[in-house]
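This is upload37.pdb (PDB, N, CA and C atoms).
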ATOM      1  N   MET A   1      70.871 104.755 135.768
ATOM      2  CA  MET A   1      71.262 104.585 137.158
ATOM      3  C   MET A   1      71.521 103.099 137.434
ATOM      4  N   THR A   2      72.563 102.808 138.154
ATOM      5  CA  THR A   2      72.919 101.441 138.507
ATOM      6  C   THR A   2      72.019 100.957 139.640
ATOM      7  N   LYS A   3      71.539  99.718 139.508
ATOM      8  CA  LYS A   3      70.704  99.134 140.547
ATOM      9  C   LYS A   3      71.569  98.782 141.749
ATOM     10  N   PRO A   4      71.086  99.027 142.965
ATOM     11  CA  PRO A   4      71.883  98.670 144.137
ATOM     12  C   PRO A   4      72.051  97.160 144.292
ATOM     13  N   ILE A   5      71.080  96.392 143.848
ATOM     14  CA  ILE A   5      71.169  94.931 143.859
ATOM     15  C   ILE A   5      70.869  94.464 142.441
ATOM     16  N   PRO A   6      71.861  93.838 141.769
ATOM     17  CA  PRO A   6      71.644  93.397 140.384
ATOM     18  C   PRO A   6      70.511  92.378 140.275
ATOM     19  N   ASP A   7      69.882  92.321 139.128
ATOM     20  CA  ASP A   7      68.823  91.350 138.879
ATOM     21  C   ASP A   7      69.309  89.946 139.197
ATOM     22  N   GLY A   8      68.483  89.188 139.905
ATOM     23  CA  GLY A   8      68.795  87.809 140.228
ATOM     24  C   GLY A   8      69.608  87.620 141.493
ATOM     25  N   PHE A   9      70.158  88.689 142.047
ATOM     26  CA  PHE A   9      70.971  88.594 143.255
ATOM     27  C   PHE A   9      70.123  88.878 144.489
ATOM     28  N   HIS A  10      70.675  88.513 145.646
ATOM     29  CA  HIS A  10      70.055  88.807 146.925
ATOM     30  C   HIS A  10      70.971  89.793 147.652
ATOM     31  N   THR A  11      70.639  90.173 148.845
ATOM     32  CA  THR A  11      71.412  91.157 149.575
ATOM     33  C   THR A  11      72.840  90.699 149.853
ATOM     34  N   VAL A  12      73.036  89.413 150.109
ATOM     35  CA  VAL A  12      74.366  88.883 150.408
ATOM     36  C   VAL A  12      74.698  87.772 149.413
ATOM     37  N   THR A  13      75.896  87.829 148.856
ATOM     38  CA  THR A  13      76.383  86.775 147.961
ATOM     39  C   THR A  13      77.735  86.312 148.485
ATOM     40  N   PRO A  14      77.847  85.044 148.898
ATOM     41  CA  PRO A  14      79.137  84.571 149.408
ATOM     42  C   PRO A  14      80.166  84.461 148.292
ATOM     43  N   SER A  15      81.411  84.673 148.673
ATOM     44  CA  SER A  15      82.533  84.489 147.758
ATOM     45  C   SER A  15      83.564  83.666 148.513
ATOM     46  N   ILE A  16      83.955  82.536 147.939
ATOM     47  CA  ILE A  16      84.857  81.621 148.634
ATOM     48  C   ILE A  16      86.143  81.440 147.850
ATOM     49  N   VAL A  17      87.228  81.199 148.574
ATOM     50  CA  VAL A  17      88.536  80.936 147.982
ATOM     51  C   VAL A  17      88.807  79.448 148.139
ATOM     52  N   LEU A  18      89.197  78.810 147.048
ATOM     53  CA  LEU A  18      89.375  77.364 147.027
ATOM     54  C   LEU A  18      90.758  76.977 146.545
ATOM     55  N   SER A  19      91.215  75.812 146.961
ATOM     56  CA  SER A  19      92.498  75.324 146.464
ATOM     57  C   SER A  19      92.363  74.763 145.048
ATOM     58  N   ASN A  20      91.125  74.377 144.666
ATOM     59  CA  ASN A  20      90.895  73.852 143.314
ATOM     60  C   ASN A  20      89.440  74.119 142.934
ATOM     61  N   SER A  21      89.189  75.274 142.369
ATOM     62  CA  SER A  21      87.811  75.647 142.039
ATOM     63  C   SER A  21      87.224  74.764 140.942
ATOM     64  N   GLU A  22      88.049  74.274 140.044
ATOM     65  CA  GLU A  22      87.540  73.403 138.976
ATOM     66  C   GLU A  22      86.891  72.151 139.567
ATOM     67  N   ASP A  23      87.587  71.504 140.501
ATOM     68  CA  ASP A  23      87.011  70.331 141.169
ATOM     69  C   ASP A  23      85.794  70.705 142.002
ATOM     70  N   ALA A  24      85.858  71.864 142.666
ATOM     71  CA  ALA A  24      84.738  72.306 143.495
ATOM     72  C   ALA A  24      83.491  72.546 142.651
ATOM     73  N   ILE A  25      83.650  73.193 141.518
ATOM     74  CA  ILE A  25      82.504  73.453 140.639
ATOM     75  C   ILE A  25      81.901  72.141 140.166
ATOM     76  N   ALA A  26      82.736  71.192 139.785
ATOM     77  CA  ALA A  26      82.234  69.881 139.358
ATOM     78  C   ALA A  26      81.469  69.206 140.500
ATOM     79  N   PHE A  27      81.992  69.299 141.717
ATOM     80  CA  PHE A  27      81.315  68.729 142.883
ATOM     81  C   PHE A  27      79.974  69.413 143.116
ATOM     82  N   TYR A  28      79.937  70.744 143.124
ATOM     83  CA  TYR A  28      78.686  71.467 143.377
ATOM     84  C   TYR A  28      77.630  71.142 142.318
ATOM     85  N   LYS A  29      78.059  70.942 141.086
ATOM     86  CA  LYS A  29      77.117  70.540 140.031
ATOM     87  C   LYS A  29      76.507  69.182 140.348
ATOM     88  N   LYS A  30      77.357  68.243 140.733
ATOM     89  CA  LYS A  30      76.893  66.881 141.006
ATOM     90  C   LYS A  30      76.103  66.795 142.310
ATOM     91  N   ALA A  31      76.580  67.471 143.342
ATOM     92  CA  ALA A  31      75.964  67.363 144.667
ATOM     93  C   ALA A  31      74.714  68.203 144.819
ATOM     94  N   PHE A  32      74.701  69.390 144.242
ATOM     95  CA  PHE A  32      73.613  70.339 144.497
ATOM     96  C   PHE A  32      72.947  70.862 143.233
ATOM     97  N   ASP A  33      73.176  70.212 142.097
ATOM     98  CA  ASP A  33      72.590  70.640 140.824
ATOM     99  C   ASP A  33      72.937  72.094 140.490
ATOM    100  N   ALA A  34      74.130  72.507 140.861
ATOM    101  CA  ALA A  34      74.568  73.878 140.577
ATOM    102  C   ALA A  34      74.705  74.090 139.080
ATOM    103  N   LYS A  35      74.524  75.329 138.682
ATOM    104  CA  LYS A  35      74.742  75.731 137.292
ATOM    105  C   LYS A  35      75.930  76.679 137.278
ATOM    106  N   GLU A  36      76.877  76.410 136.400
ATOM    107  CA  GLU A  36      78.012  77.326 136.262
ATOM    108  C   GLU A  36      77.553  78.512 135.428
ATOM    109  N   ILE A  37      77.690  79.706 135.984
ATOM    110  CA  ILE A  37      77.286  80.924 135.283
ATOM    111  C   ILE A  37      78.443  81.427 134.424
ATOM    112  N   TYR A  38      79.617  81.513 135.009
ATOM    113  CA  TYR A  38      80.809  81.866 134.237
ATOM    114  C   TYR A  38      82.063  81.520 135.023
ATOM    115  N   ARG A  39      83.177  81.501 134.298
ATOM    116  CA  ARG A  39      84.488  81.259 134.900
ATOM    117  C   ARG A  39      85.500  82.094 134.135
ATOM    118  N   MET A  40      86.325  82.848 134.859
ATOM    119  CA  MET A  40      87.347  83.695 134.249
ATOM    120  C   MET A  40      88.710  83.122 134.624
ATOM    121  N   PRO A  41      89.357  82.418 133.683
ATOM    122  CA  PRO A  41      90.663  81.816 133.986
ATOM    123  C   PRO A  41      91.810  82.815 133.828
ATOM    124  N   THR A  42      92.881  82.527 134.539
ATOM    125  CA  THR A  42      94.124  83.271 134.342
ATOM    126  C   THR A  42      94.870  82.607 133.184
ATOM    127  N   PRO A  43      95.906  83.237 132.667
ATOM    128  CA  PRO A  43      96.661  82.610 131.570
ATOM    129  C   PRO A  43      97.217  81.226 131.914
ATOM    130  N   ASP A  44      97.504  80.977 133.197
ATOM    131  CA  ASP A  44      98.043  79.664 133.573
ATOM    132  C   ASP A  44      96.955  78.663 133.965
ATOM    133  N   GLY A  45      95.666  79.022 133.770
ATOM    134  CA  GLY A  45      94.580  78.079 133.981
ATOM    135  C   GLY A  45      93.910  78.105 135.338
ATOM    136  N   LYS A  46      94.416  78.918 136.273
ATOM    137  CA  LYS A  46      93.737  79.041 137.562
ATOM    138  C   LYS A  46      92.461  79.862 137.373
ATOM    139  N   THR A  47      91.573  79.786 138.330
ATOM    140  CA  THR A  47      90.336  80.561 138.255
ATOM    141  C   THR A  47      90.497  81.862 139.022
ATOM    142  N   MET A  48      90.432  82.968 138.295
ATOM    143  CA  MET A  48      90.485  84.288 138.919
ATOM    144  C   MET A  48      89.135  84.601 139.557
ATOM    145  N   HIS A  49      88.064  84.231 138.851
ATOM    146  CA  HIS A  49      86.721  84.506 139.359
ATOM    147  C   HIS A  49      85.749  83.568 138.657
ATOM    148  N   ALA A  50      84.835  83.013 139.421
ATOM    149  CA  ALA A  50      83.783  82.164 138.852
ATOM    150  C   ALA A  50      82.509  82.393 139.648
ATOM    151  N   MET A  51      81.403  82.041 139.038
ATOM    152  CA  MET A  51      80.128  82.141 139.735
ATOM    153  C   MET A  51      79.264  80.943 139.353
ATOM    154  N   ILE A  52      78.659  80.344 140.375
ATOM    155  CA  ILE A  52      77.698  79.267 140.172
ATOM    156  C   ILE A  52      76.366  79.703 140.757
ATOM    157  N   GLN A  53      75.322  78.988 140.367
ATOM    158  CA  GLN A  53      74.001  79.233 140.930
ATOM    159  C   GLN A  53      73.488  77.926 141.497
ATOM    160  N   ILE A  54      73.072  77.976 142.750
ATOM    161  CA  ILE A  54      72.419  76.845 143.407
ATOM    162  C   ILE A  54      71.038  77.337 143.805
ATOM    163  N   GLY A  55      70.022  76.723 143.228
ATOM    164  CA  GLY A  55      68.663  77.219 143.481
ATOM    165  C   GLY A  55      68.540  78.629 142.959
ATOM    166  N   ASP A  56      68.110  79.546 143.828
ATOM    167  CA  ASP A  56      67.953  80.934 143.387
ATOM    168  C   ASP A  56      69.095  81.832 143.855
ATOM    169  N   SER A  57      70.204  81.231 144.290
ATOM    170  CA  SER A  57      71.293  82.021 144.845
ATOM    171  C   SER A  57      72.615  81.773 144.118
ATOM    172  N   PHE A  58      73.437  82.809 144.124
ATOM    173  CA  PHE A  58      74.745  82.736 143.498
ATOM    174  C   PHE A  58      75.835  82.552 144.550
ATOM    175  N   VAL A  59      76.886  81.865 144.167
ATOM    176  CA  VAL A  59      78.094  81.746 144.977
ATOM    177  C   VAL A  59      79.257  82.102 144.057
ATOM    178  N   MET A  60      80.066  83.060 144.487
ATOM    179  CA  MET A  60      81.254  83.436 143.726
ATOM    180  C   MET A  60      82.452  82.713 144.321
ATOM    181  N   MET A  61      83.464  82.492 143.505
ATOM    182  CA  MET A  61      84.643  81.785 143.995
ATOM    183  C   MET A  61      85.852  82.091 143.140
ATOM    184  N   SER A  62      87.008  81.740 143.712
ATOM    185  CA  SER A  62      88.267  81.837 142.974
ATOM    186  C   SER A  62      89.212  80.786 143.525
ATOM    187  N   ASP A  63      90.270  80.530 142.765
ATOM    188  CA  ASP A  63      91.357  79.725 143.296
ATOM    189  C   ASP A  63      92.142  80.614 144.257
ATOM    190  N   GLU A  64      92.992  79.980 145.051
ATOM    191  CA  GLU A  64      93.787  80.785 145.964
ATOM    192  C   GLU A  64      94.947  81.450 145.222
ATOM    193  N   PHE A  65      95.291  82.633 145.679
ATOM    194  CA  PHE A  65      96.406  83.413 145.167
ATOM    195  C   PHE A  65      97.161  83.948 146.386
ATOM    196  N   PRO A  66      98.037  83.120 146.959
ATOM    197  CA  PRO A  66      98.720  83.495 148.204
ATOM    198  C   PRO A  66      99.470  84.824 148.116
ATOM    199  N   GLN A  67     100.010  85.129 146.947
ATOM    200  CA  GLN A  67     100.741  86.377 146.779
ATOM    201  C   GLN A  67      99.842  87.594 146.955
ATOM    202  N   MET A  68      98.533  87.392 146.857
ATOM    203  CA  MET A  68      97.565  88.471 147.037
ATOM    204  C   MET A  68      96.819  88.339 148.366
ATOM    205  N   GLY A  69      97.225  87.385 149.197
ATOM    206  CA  GLY A  69      96.567  87.186 150.485
ATOM    207  C   GLY A  69      95.288  86.376 150.404
ATOM    208  N   CYS A  70      95.003  85.787 149.263
ATOM    209  CA  CYS A  70      93.800  84.964 149.088
ATOM    210  C   CYS A  70      94.195  83.500 149.254
ATOM    211  N   ILE A  71      93.877  82.929 150.403
ATOM    212  CA  ILE A  71      94.231  81.541 150.659
ATOM    213  C   ILE A  71      92.990  80.742 151.022
ATOM    214  N   SER A  72      93.051  79.455 150.739
ATOM    215  CA  SER A  72      91.898  78.579 150.929
ATOM    216  C   SER A  72      91.923  77.925 152.306
ATOM    217  N   PRO A  73      90.795  77.362 152.709
ATOM    218  CA  PRO A  73      90.761  76.604 153.959
ATOM    219  C   PRO A  73      91.763  75.449 153.973
ATOM    220  N   THR A  74      92.059  74.872 152.817
ATOM    221  CA  THR A  74      93.046  73.802 152.739
ATOM    222  C   THR A  74      94.406  74.299 153.225
ATOM    223  N   THR A  75      94.768  75.496 152.824
ATOM    224  CA  THR A  75      96.054  76.071 153.201
ATOM    225  C   THR A  75      96.120  76.432 154.678
ATOM    226  N   VAL A  76      95.033  76.954 155.225
ATOM    227  CA  VAL A  76      95.045  77.364 156.633
ATOM    228  C   VAL A  76      94.641  76.236 157.580
ATOM    229  N   GLY A  77      94.242  75.104 157.035
ATOM    230  CA  GLY A  77      93.929  73.946 157.871
ATOM    231  C   GLY A  77      92.526  73.939 158.454
ATOM    232  N   GLY A  78      91.606  74.641 157.843
ATOM    233  CA  GLY A  78      90.220  74.652 158.311
ATOM    234  C   GLY A  78      89.533  75.919 157.859
ATOM    235  N   THR A  79      88.299  76.054 158.228
ATOM    236  CA  THR A  79      87.544  77.241 157.825
ATOM    237  C   THR A  79      86.623  77.682 158.953
ATOM    238  N   SER A  80      86.295  78.948 158.948
ATOM    239  CA  SER A  80      85.335  79.471 159.924
ATOM    240  C   SER A  80      84.029  79.832 159.232
ATOM    241  N   THR A  81      83.853  79.374 158.009
ATOM    242  CA  THR A  81      82.689  79.738 157.206
ATOM    243  C   THR A  81      81.838  78.520 156.874
ATOM    244  N   THR A  82      80.539  78.689 156.928
ATOM    245  CA  THR A  82      79.613  77.677 156.438
ATOM    246  C   THR A  82      78.603  78.377 155.538
ATOM    247  N   ILE A  83      78.068  77.622 154.614
ATOM    248  CA  ILE A  83      77.005  78.135 153.757
ATOM    249  C   ILE A  83      75.788  77.272 154.017
ATOM    250  N   HIS A  84      74.690  77.891 154.390
ATOM    251  CA  HIS A  84      73.452  77.167 154.665
ATOM    252  C   HIS A  84      72.646  77.059 153.382
ATOM    253  N   LEU A  85      72.244  75.851 153.068
ATOM    254  CA  LEU A  85      71.518  75.567 151.840
ATOM    255  C   LEU A  85      70.112  75.120 152.209
ATOM    256  N   TYR A  86      69.115  75.864 151.774
ATOM    257  CA  TYR A  86      67.717  75.529 152.049
ATOM    258  C   TYR A  86      67.141  74.842 150.818
ATOM    259  N   VAL A  87      66.580  73.644 151.013
ATOM    260  CA  VAL A  87      66.054  72.845 149.912
ATOM    261  C   VAL A  87      64.708  72.245 150.303
ATOM    262  N   GLU A  88      63.970  71.790 149.303
ATOM    263  CA  GLU A  88      62.673  71.154 149.546
ATOM    264  C   GLU A  88      62.829  69.771 150.182
ATOM    265  N   ASP A  89      63.796  68.990 149.712
ATOM    266  CA  ASP A  89      63.968  67.605 150.170
ATOM    267  C   ASP A  89      65.393  67.422 150.679
ATOM    268  N   SER A  90      65.591  67.678 151.974
ATOM    269  CA  SER A  90      66.937  67.642 152.541
ATOM    270  C   SER A  90      67.550  66.244 152.519
ATOM    271  N   ASP A  91      66.750  65.203 152.708
ATOM    272  CA  ASP A  91      67.285  63.838 152.656
ATOM    273  C   ASP A  91      67.838  63.535 151.269
ATOM    274  N   LYS A  92      67.103  63.921 150.244
ATOM    275  CA  LYS A  92      67.537  63.681 148.864
ATOM    276  C   LYS A  92      68.852  64.410 148.574
ATOM    277  N   ILE A  93      68.939  65.672 148.931
ATOM    278  CA  ILE A  93      70.135  66.458 148.645
ATOM    279  C   ILE A  93      71.313  65.986 149.498
ATOM    280  N   TYR A  94      71.066  65.600 150.736
ATOM    281  CA  TYR A  94      72.114  65.043 151.591
ATOM    282  C   TYR A  94      72.701  63.796 150.941
ATOM    283  N   ASP A  95      71.828  62.882 150.543
ATOM    284  CA  ASP A  95      72.292  61.645 149.897
ATOM    285  C   ASP A  95      73.015  61.947 148.589
ATOM    286  N   GLN A  96      72.506  62.889 147.827
ATOM    287  CA  GLN A  96      73.119  63.273 146.562
ATOM    288  C   GLN A  96      74.518  63.844 146.806
ATOM    289  N   ALA A  97      74.669  64.682 147.831
ATOM    290  CA  ALA A  97      75.969  65.268 148.147
ATOM    291  C   ALA A  97      76.963  64.201 148.608
ATOM    292  N   VAL A  98      76.511  63.270 149.439
ATOM    293  CA  VAL A  98      77.390  62.187 149.898
ATOM    294  C   VAL A  98      77.817  61.331 148.704
ATOM    295  N   HIS A  99      76.887  61.042 147.823
ATOM    296  CA  HIS A  99      77.199  60.264 146.615
ATOM    297  C   HIS A  99      78.212  61.003 145.734
ATOM    298  N   ALA A 100      78.151  62.338 145.745
ATOM    299  CA  ALA A 100      79.071  63.148 144.942
ATOM    300  C   ALA A 100      80.446  63.280 145.592
ATOM    301  N   GLY A 101      80.572  62.801 146.850
ATOM    302  CA  GLY A 101      81.879  62.828 147.502
ATOM    303  C   GLY A 101      81.957  63.619 148.791
ATOM    304  N   ALA A 102      80.839  64.222 149.217
ATOM    305  CA  ALA A 102      80.840  64.955 150.482
ATOM    306  C   ALA A 102      81.063  63.986 151.633
ATOM    307  N   LYS A 103      81.771  64.443 152.643
ATOM    308  CA  LYS A 103      81.998  63.623 153.834
ATOM    309  C   LYS A 103      81.092  64.135 154.942
ATOM    310  N   PRO A 104      80.117  63.323 155.394
ATOM    311  CA  PRO A 104      79.216  63.781 156.447
ATOM    312  C   PRO A 104      79.978  64.155 157.708
ATOM    313  N   ALA A 105      79.695  65.328 158.245
ATOM    314  CA  ALA A 105      80.328  65.779 159.475
ATOM    315  C   ALA A 105      79.408  65.569 160.673
ATOM    316  N   MET A 106      78.132  65.362 160.384
ATOM    317  CA  MET A 106      77.146  65.126 161.437
ATOM    318  C   MET A 106      75.945  64.458 160.794
ATOM    319  N   PRO A 107      75.110  63.805 161.585
ATOM    320  CA  PRO A 107      73.923  63.187 160.976
ATOM    321  C   PRO A 107      72.935  64.242 160.501
ATOM    322  N   MET A 108      72.038  63.817 159.629
ATOM    323  CA  MET A 108      70.990  64.719 159.135
ATOM    324  C   MET A 108      70.127  65.181 160.260
TER     325      MET A 108
END

Would you put the structure from the file into structure tokens?
Amino acid sequence: MTKPIPDGFHTVTPSIVLSNSEDAIAFYKKAFDAKEIYRMPTPDGKTMHAMIQIGDSFVMMSDEFPQMGCISPTTVGGTSTTIHLYVEDSDKIYDQAVHAGAKPAMPM
């Protein structure tokens, strides 16, 4: 019998569409100590599907594929989605993310 929630997953797993998942994965590794679980490239090198782990949670992602209706916030000029990250030392992770290239949108 298939488990309703796979081992290691939680009830909700975000999946995001990006204009450049390769750069995003590198950023998440540097900013949030993410671990790349896997990446499935297309023949032309775009990312069809990838998954990273930050802390105990997974985030799935892909590059945009406009022909399939999958477009990134870059293409639409913004996003209506945020991902909340809970950490032990928020000052440390904030500074680490800024050092990795994040642009602060508000103070800590």

Top pick for closest residue to Tyr94 of chain A, considering A:Ala31, A:Val76, A:Ile37, A:Met48 and counting only N, CA and C atoms: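 Of the candidates, the smallest distance to Tyr94 of chain A is held by A:Ala31.
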
Exercise: Gly101 of chain A partners within 8 Å, only N, CA and C atoms, chain neighbours under 4 positions left out, as a PyMOL selection string: chain A and resi 27+30-31+95-97

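Across A:Phe58, A:Tyr86, A:Phe32, A:Phe65, the tightest approach to Val17 of chain A is made by A:Phe65 when counting only N, CA and C atoms.
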
Might you pull out every residue within 7 Å of segment 4-10 of chain A, with all atoms listed in the file counted and same-chain residues fewer than 3 positions away left off, and present them as a list in words? Met1, Thr13, Asp56, Ser57 and Phe58 of chain A

Just list the residues in segment 12-46 of chain A DSSP gives alpha helix (DSSP H) on the backbone, as JSON, numbers by chain. {"A": [21, 22, 23, 24, 25, 26, 27, 28, 29, 30, 31, 32]}

With 4 Å on each side, where is the centre of the axis-aligned box around all listed atoms of segment 27-45 of chain A, and how long are its edges in Å to one decimal, as AutoDock Vina command-line options?
--center_x 85.3 --center_y 75.2 --center_z 138.2 --size_x 33.5 --size_y 24.9 --size_z 21.2

Do you have the atom C of Pro14 of chain A-atom CA of Met61 of chain A distance handy?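 Going from atom C of Pro14 of chain A over to atom CA of Met61 of chain A, I get 6.8 Å.
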
Do a neighbour search on Glu36 of chain A at 6.5 Å with all atoms listed in the file, toss out local chain neighbours closer than 2 positions, and write the hits as number ranges by chain. A: 34, 38-39, 51-53

DSSP-assigned strand (DSSP E or B) members of chain A, reported as an MDAnalysis selection string: chainID A and resid 15:18 35:41 47:54 57:63 65 70

Non-local contacts of Ser15 of chain A (8 Å; only C-alpha atoms; under 4 positions in same chain excluded) as a ChimeraX atom specification: /A:59-62

Taking the file as shown, what set of residues would the PyMOL selection byres ((chain A and resi 63) around 7) give back, as a PDB file with N, CA and C atoms, keeping the file's coordinate frame?
ATOM      1  N   ILE A  16      83.955  82.536 147.939  1.00  0.00           N
ATOM      2  CA  ILE A  16      84.857  81.621 148.634  1.00  0.00           C
ATOM      3  C   ILE A  16      86.143  81.440 147.850  1.00  0.00           C
ATOM      4  N   VAL A  17      87.228  81.199 148.574  1.00  0.00           N
ATOM      5  CA  VAL A  17      88.536  80.936 147.982  1.00  0.00           C
ATOM      6  C   VAL A  17      88.807  79.448 148.139  1.00  0.00           C
ATOM      7  N   LEU A  18      89.197  78.810 147.048  1.00  0.00           N
ATOM      8  CA  LEU A  18      89.375  77.364 147.027  1.00  0.00           C
ATOM      9  C   LEU A  18      90.758  76.977 146.545  1.00  0.00           C
ATOM     10  N   SER A  19      91.215  75.812 146.961  1.00  0.00           N
ATOM     11  CA  SER A  19      92.498  75.324 146.464  1.00  0.00           C
ATOM     12  C   SER A  19      92.363  74.763 145.048  1.00  0.00           C
ATOM     13  N   ASN A  20      91.125  74.377 144.666  1.00  0.00           N
ATOM     14  CA  ASN A  20      90.895  73.852 143.314  1.00  0.00           C
ATOM     15  C   ASN A  20      89.440  74.119 142.934  1.00  0.00           C
ATOM     16  N   SER A  21      89.189  75.274 142.369  1.00  0.00           N
ATOM     17  CA  SER A  21      87.811  75.647 142.039  1.00  0.00           C
ATOM     18  C   SER A  21      87.224  74.764 140.942  1.00  0.00           C
ATOM     19  N   LYS A  46      94.416  78.918 136.273  1.00  0.00           N
ATOM     20  CA  LYS A  46      93.737  79.041 137.562  1.00  0.00           C
ATOM     21  C   LYS A  46      92.461  79.862 137.373  1.00  0.00           C
ATOM     22  N   THR A  47      91.573  79.786 138.330  1.00  0.00           N
ATOM     23  CA  THR A  47      90.336  80.561 138.255  1.00  0.00           C
ATOM     24  C   THR A  47      90.497  81.862 139.022  1.00  0.00           C
ATOM     25  N   MET A  48      90.432  82.968 138.295  1.00  0.00           N
ATOM     26  CA  MET A  48      90.485  84.288 138.919  1.00  0.00           C
ATOM     27  C   MET A  48      89.135  84.601 139.557  1.00  0.00           C
ATOM     28  N   HIS A  49      88.064  84.231 138.851  1.00  0.00           N
ATOM     29  CA  HIS A  49      86.721  84.506 139.359  1.00  0.00           C
ATOM     30  C   HIS A  49      85.749  83.568 138.657  1.00  0.00           C
ATOM     31  N   ALA A  50      84.835  83.013 139.421  1.00  0.00           N
ATOM     32  CA  ALA A  50      83.783  82.164 138.852  1.00  0.00           C
ATOM     33  C   ALA A  50      82.509  82.393 139.648  1.00  0.00           C
ATOM     34  N   MET A  61      83.464  82.492 143.505  1.00  0.00           N
ATOM     35  CA  MET A  61      84.643  81.785 143.995  1.00  0.00           C
ATOM     36  C   MET A  61      85.852  82.091 143.140  1.00  0.00           C
ATOM     37  N   SER A  62      87.008  81.740 143.712  1.00  0.00           N
ATOM     38  CA  SER A  62      88.267  81.837 142.974  1.00  0.00           C
ATOM     39  C   SER A  62      89.212  80.786 143.525  1.00  0.00           C
ATOM     40  N   GLU A  64      92.992  79.980 145.051  1.00  0.00           N
ATOM     41  CA  GLU A  64      93.787  80.785 145.964  1.00  0.00           C
ATOM     42  C   GLU A  64      94.947  81.450 145.222  1.00  0.00           C
ATOM     43  N   PHE A  65      95.291  82.633 145.679  1.00  0.00           N
ATOM     44  CA  PHE A  65      96.406  83.413 145.167  1.00  0.00           C
ATOM     45  C   PHE A  65      97.161  83.948 146.386  1.00  0.00           C
ATOM     46  N   PRO A  66      98.037  83.120 146.959  1.00  0.00           N
ATOM     47  CA  PRO A  66      98.720  83.495 148.204  1.00  0.00           C
ATOM     48  C   PRO A  66      99.470  84.824 148.116  1.00  0.00           C
ATOM     49  N   CYS A  70      95.003  85.787 149.263  1.00  0.00           N
ATOM     50  CA  CYS A  70      93.800  84.964 149.088  1.00  0.00           C
ATOM     51  C   CYS A  70      94.195  83.500 149.254  1.00  0.00           C
ATOM     52  N   ILE A  71      93.877  82.929 150.403  1.00  0.00           N
ATOM     53  CA  ILE A  71      94.231  81.541 150.659  1.00  0.00           C
ATOM     54  C   ILE A  71      92.990  80.742 151.022  1.00  0.00           C
ATOM     55  N   SER A  72      93.051  79.455 150.739  1.00  0.00           N
ATOM     56  CA  SER A  72      91.898  78.579 150.929  1.00  0.00           C
ATOM     57  C   SER A  72      91.923  77.925 152.306  1.00  0.00           C
TER      58      SER A  72
END

Length of the atom CA of Leu85 of chain A to atom CA of Met108 of chain A vector [Å]: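 Computed distance, atom CA of Leu85 of chain A to atom CA of Met108 of chain A, equals 13.1 Å.
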